[in-house]
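S.K.: Could you have a look at this structure, given as structure tokens, before my questions?
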Amino acid sequence: MTKLYPGATGDWEAVIGLEIHAQVISEAKLFSSSATTFGAEPNTQVSFVCSAQPGMLPVINEECVRQAVRTGLAMGCEINLRSIFDRKNYFYADLPQGYQISQFKDPIVGEGEIAIELSDGSTKIIGVERLHLEQDAGKSMHDQHPTMTYVDLNRSGVALMEIVSKPDMSTPEEAAEYFKKIRSLVRYARTCDGNMDQGSMRADVNVSVRRPGEELGTRTETKNVNSIRYVMQVVESEIRRQIDLIEDGGTVDQETRLFEVATGTTRTMRSKEEAHDYRYFPDPDLLPLEFSQEFVDELAAEMPELADAKKERFIADLHITPYNASVLVAEKENADYFETLLAVTVDKTGKPVSELGKLVSNWITSDLFGALKKLGKTISENPVSVENAAELLNLQVEGTISGRIAKEVFENMLESGKSPETIVDEKGLKQVSDTGAIEAMIDEILSVNADKVEEYRGGKDKLYGFFVGQVMKQTGGKANPQVVNQLLKPKLDG
Amino acid sequence: MSVDKETVAKIANLARIEVSEDELESTVGELNNILDWVEQLSEVDTDGVEAMTSVVDASLPRREDKVTDGGYRDQVLKNAPQSEHGFFAVPKVIE
């Protein structure tokens, strides 16, 4: 069911499409051999090719081609064995060539489909129209000088993948989930780092509204939206703006808009009448890009495991709850951390992964994530080493400490940076599993609380917890709960 | 195919080439001559003939993904009319 947006004159539905620009992970640029590292001194990663000096010719970087194919495979798209580079002509200070080398009619990757999961538990299929390779532009800085714009060409010529969706989305949530899914795919495929703060991923958001079932309305395109939250805000505010505009008797102009972070709305860009007249034509400097099906098959065989497959495996082989599996695979770093920690814990305990998966995943998603959230840190800034985390879990698996004590030890680890063994030794937190000692303690507790024992035996089952609590209190929480249960129950039942 | 004065003015503007009103008329004529000449190609029947992208049988040469270029900012900036703090400095571009 397509979501409807009520207006003053009836219901509307929205049609949304995204063009995602994803910077390719590669050492060198798409058509030149200068570096792509982010944050270098201005114009130090610029060659005569990417500064468009006369007579320079582009030569394609084969790794960028592989990365585009890998991304296409990750999205389940058709791979085109022959594609063509075109020139997209426009003038701007940070585009030294006067045109961007892109792909217009014959892109390297064709159609595919992406499944997104929505909060109501449903799944929706979003079509991918194409992916093409193109050059990024340089960077202009307008605020460094009163009358000048400063241009840095370090980014000029870096490879971009433009991933174009079909207009299959109809809500802000769908647009956000689609964007997240593409980000997850490129990060797992290691073709783009997905780092939106550094501009490695940004989206052009196309929105139009129409009466249900009617022809498509006129769309607007909001450029360079660089966060998932902003994508949702753009969609939300554009739907509202367009409905209000039409209902007030106006018409939507096909135009490019800019997102304003401060207000969460969009505004029109200075309209350039010939802005869209790019006069594409095949780049005479470049022959068609051709490769064999074997080339594609080899890349397919080497593809890393993607999020969906990983999630399935976590559930099936490691007996992790579907919820935990989703949480772990949502960010590649988390999934990587989980697998590393699981492997080290397997080494330490000698137990199989199928037995440890649940324990390790629970610990990460509740204890560790809770602690990191409190500290305002990400998993890559995790103050606890994998070695120490695995040891903490090992102490629990061995029965040296209980789950409750483990939480206490973990908090101490975060504060002191000490190893869990040291903390357990220093604080005398070893779990008491000595049946003799516990039995004596239980006998004492039962005799001191003889009245409660009577009540229990008279049918007040709930008091069982009280007796367990007493044992735990006397041992400072260190009594092995299993041993306590084994001993307490028969004694209470008489 | 032919172009009129308006089209030529538009193309000139897109290409950032200044063509004066006087030149415009003669440019229309020149461009149309060229277009007429190229148009003769359409007389050839090319149905089923694949587009030729090169006169020699060559495939697109490729490069390894290695950084072997760049790192000579002084040379890159050398011909710029103006540069400051390692940037190209151009008249302010207002969005």
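Residues are referred to by chain and number: the chain letter is A, B, ... according to the order shown in the structure tokens, the number counts from 1 in that chain, and ligands are numbered separately from 1 in the order shown.
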Residues at most 8 Å from stretch 80-92 of chain B, counting only C-alpha atoms, excluding those fewer than 2 positions away in the same chain, as a short mmCIF file (atom, residue, chain, number, x, y, z; two decimals) with C-alpha atoms, in the first residue's frame?
M.R.:
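Just written: result.cif:
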```
data_model
loop_
_atom_site.label_atom_id
_atom_site.label_comp_id
_atom_site.auth_asym_id
_atom_site.auth_seq_id
_atom_site.Cartn_x
_atom_site.Cartn_y
_atom_site.Cartn_z
CA GLU A 41 47.24 19.87 1.56
CA PRO A 42 45.45 21.71 -1.28
CA ASN A 43 46.50 20.83 -4.82
CA ALA A 93 35.62 26.94 -11.42
CA HIS A 142 33.76 30.66 -1.11
CA THR A 147 36.38 38.67 -3.38
CA MET A 148 37.94 35.36 -4.39
CA THR A 149 36.88 31.72 -4.50
CA TYR A 150 39.65 29.28 -3.64
CA VAL A 151 39.84 26.07 -5.67
CA ASP A 152 41.47 22.83 -4.55
CA ARG B 73 51.77 21.81 -6.72
CA LEU B 77 49.72 26.37 -10.11
CA LYS B 78 52.43 27.93 -12.25
CA ILE B 94 28.34 32.97 -5.98
#
```
S.K.: Write out as a Markdown table the residues of chain A that have any atom within 7 Å of an atom of chain B, one row each with the nearest atom pair and its distance in Å to one decimal, counting only C-alpha atoms, sorted by chain and then rising number.
M.R.:
```
| residue | atom | partner | partner_atom | distance |
| --- | --- | --- | --- | --- |
| A:Ser26 | CA | B:Asp65 | CA | 6.8 |
| A:Glu27 | CA | B:Asp65 | CA | 5.9 |
| A:Ala28 | CA | B:Val67 | CA | 5.3 |
| A:Ser33 | CA | B:Val67 | CA | 5.0 |
| A:Ser34 | CA | B:Asp69 | CA | 4.6 |
| A:Ala35 | CA | B:Val67 | CA | 5.5 |
| A:Pro42 | CA | B:Gly86 | CA | 5.8 |
| A:Asn43 | CA | B:Arg73 | CA | 5.7 |
| A:Thr44 | CA | B:Gly71 | CA | 4.7 |
| A:Gln45 | CA | B:Gly70 | CA | 5.0 |
| A:Val46 | CA | B:Gly70 | CA | 4.6 |
| A:Ser47 | CA | B:Gly70 | CA | 4.2 |
| A:Phe48 | CA | B:Val76 | CA | 6.8 |
| A:Val59 | CA | B:Arg62 | CA | 5.9 |
| A:Ile60 | CA | B:Arg62 | CA | 5.0 |
| A:Asn61 | CA | B:Arg63 | CA | 4.7 |
| A:Glu62 | CA | B:Arg62 | CA | 5.7 |
| A:Glu63 | CA | B:Asp65 | CA | 5.8 |
| A:His142 | CA | B:Lys92 | CA | 6.8 |
| A:Thr147 | CA | B:Lys92 | CA | 5.4 |
| A:Met148 | CA | B:Lys92 | CA | 4.3 |
| A:Thr149 | CA | B:Lys92 | CA | 4.5 |
| A:Tyr150 | CA | B:Ala89 | CA | 4.7 |
| A:Val151 | CA | B:Phe88 | CA | 4.9 |
| A:Asp152 | CA | B:Phe87 | CA | 5.5 |
| A:Arg270 | CA | B:Glu95 | CA | 6.9 |
| A:Leu286 | CA | B:Leu60 | CA | 6.8 |
| A:Leu287 | CA | B:Leu60 | CA | 5.1 |
| A:Pro288 | CA | B:Leu60 | CA | 6.5 |
| A:Leu289 | CA | B:Leu60 | CA | 6.1 |
```
S.K.: As a PyMOL selection string, please: all residues of stretch 99-347 of chain A that backbone DSSP puts in strand (DSSP E).
M.R.: chain A and resi 99-102+112-117+123-135+139-141+148-152+159-165+201-210+220-225+256-260+265-268+281-282+289-290
S.K.: Interatomic distance between atom CA of A:Thr36 and atom CA of A:Val225?
M.R.: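 These atoms are spaced 21.8 Å apart.
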S.K.: So which residues of stretch 23-82 of chain B fall under alpha helix (DSSP H) by DSSP, listed as a ChimeraX atom specification?
M.R.: /B:23-39,73-77
S.K.: Produce a file of the selected residues containing C-alpha atoms, as a compact mmCIF listing (two decimals), in the first residue's frame.
M.R.:
```
# COMPACT_ATOMS: atom_id res chain seq x y z
CA GLU B 23 29.61 37.91 -36.27
CA LEU B 24 26.47 36.00 -35.44
CA GLU B 25 24.98 36.23 -38.95
CA SER B 26 28.10 34.97 -40.69
CA THR B 27 28.63 32.26 -38.06
CA VAL B 28 25.14 30.93 -38.75
CA GLY B 29 26.08 30.59 -42.41
CA GLU B 30 29.40 28.93 -41.67
CA LEU B 31 27.93 26.46 -39.24
CA ASN B 32 25.12 25.55 -41.62
CA ASN B 33 27.65 24.93 -44.39
CA ILE B 34 29.48 22.51 -42.12
CA LEU B 35 26.24 20.83 -41.07
CA ASP B 36 25.14 20.45 -44.71
CA TRP B 37 28.45 18.91 -45.57
CA VAL B 38 28.29 16.41 -42.70
CA GLU B 39 24.65 15.74 -43.51
CA ARG B 73 51.77 21.81 -6.72
CA ASP B 74 54.13 24.58 -7.84
CA GLN B 75 54.04 23.35 -11.41
CA VAL B 76 50.27 22.83 -11.37
CA LEU B 77 49.72 26.37 -10.11
```
S.K.: Go ahead and compute the interatomic distance for atom CA of A:Val424 and atom CA of A:Ser366, in Å to one decimal.
M.R.: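 According to the coordinates, atom CA of A:Val424 and atom CA of A:Ser366 are separated by 21.4 Å.
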S.K.: For A:Gly157, which residue among A:Gly194, A:Pro96, A:Gly112, A:Gly127 is the nearest when counting only C-alpha atoms?
M.R.: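 Answer, going by the shortest atom-to-atom distance: A:Pro96.
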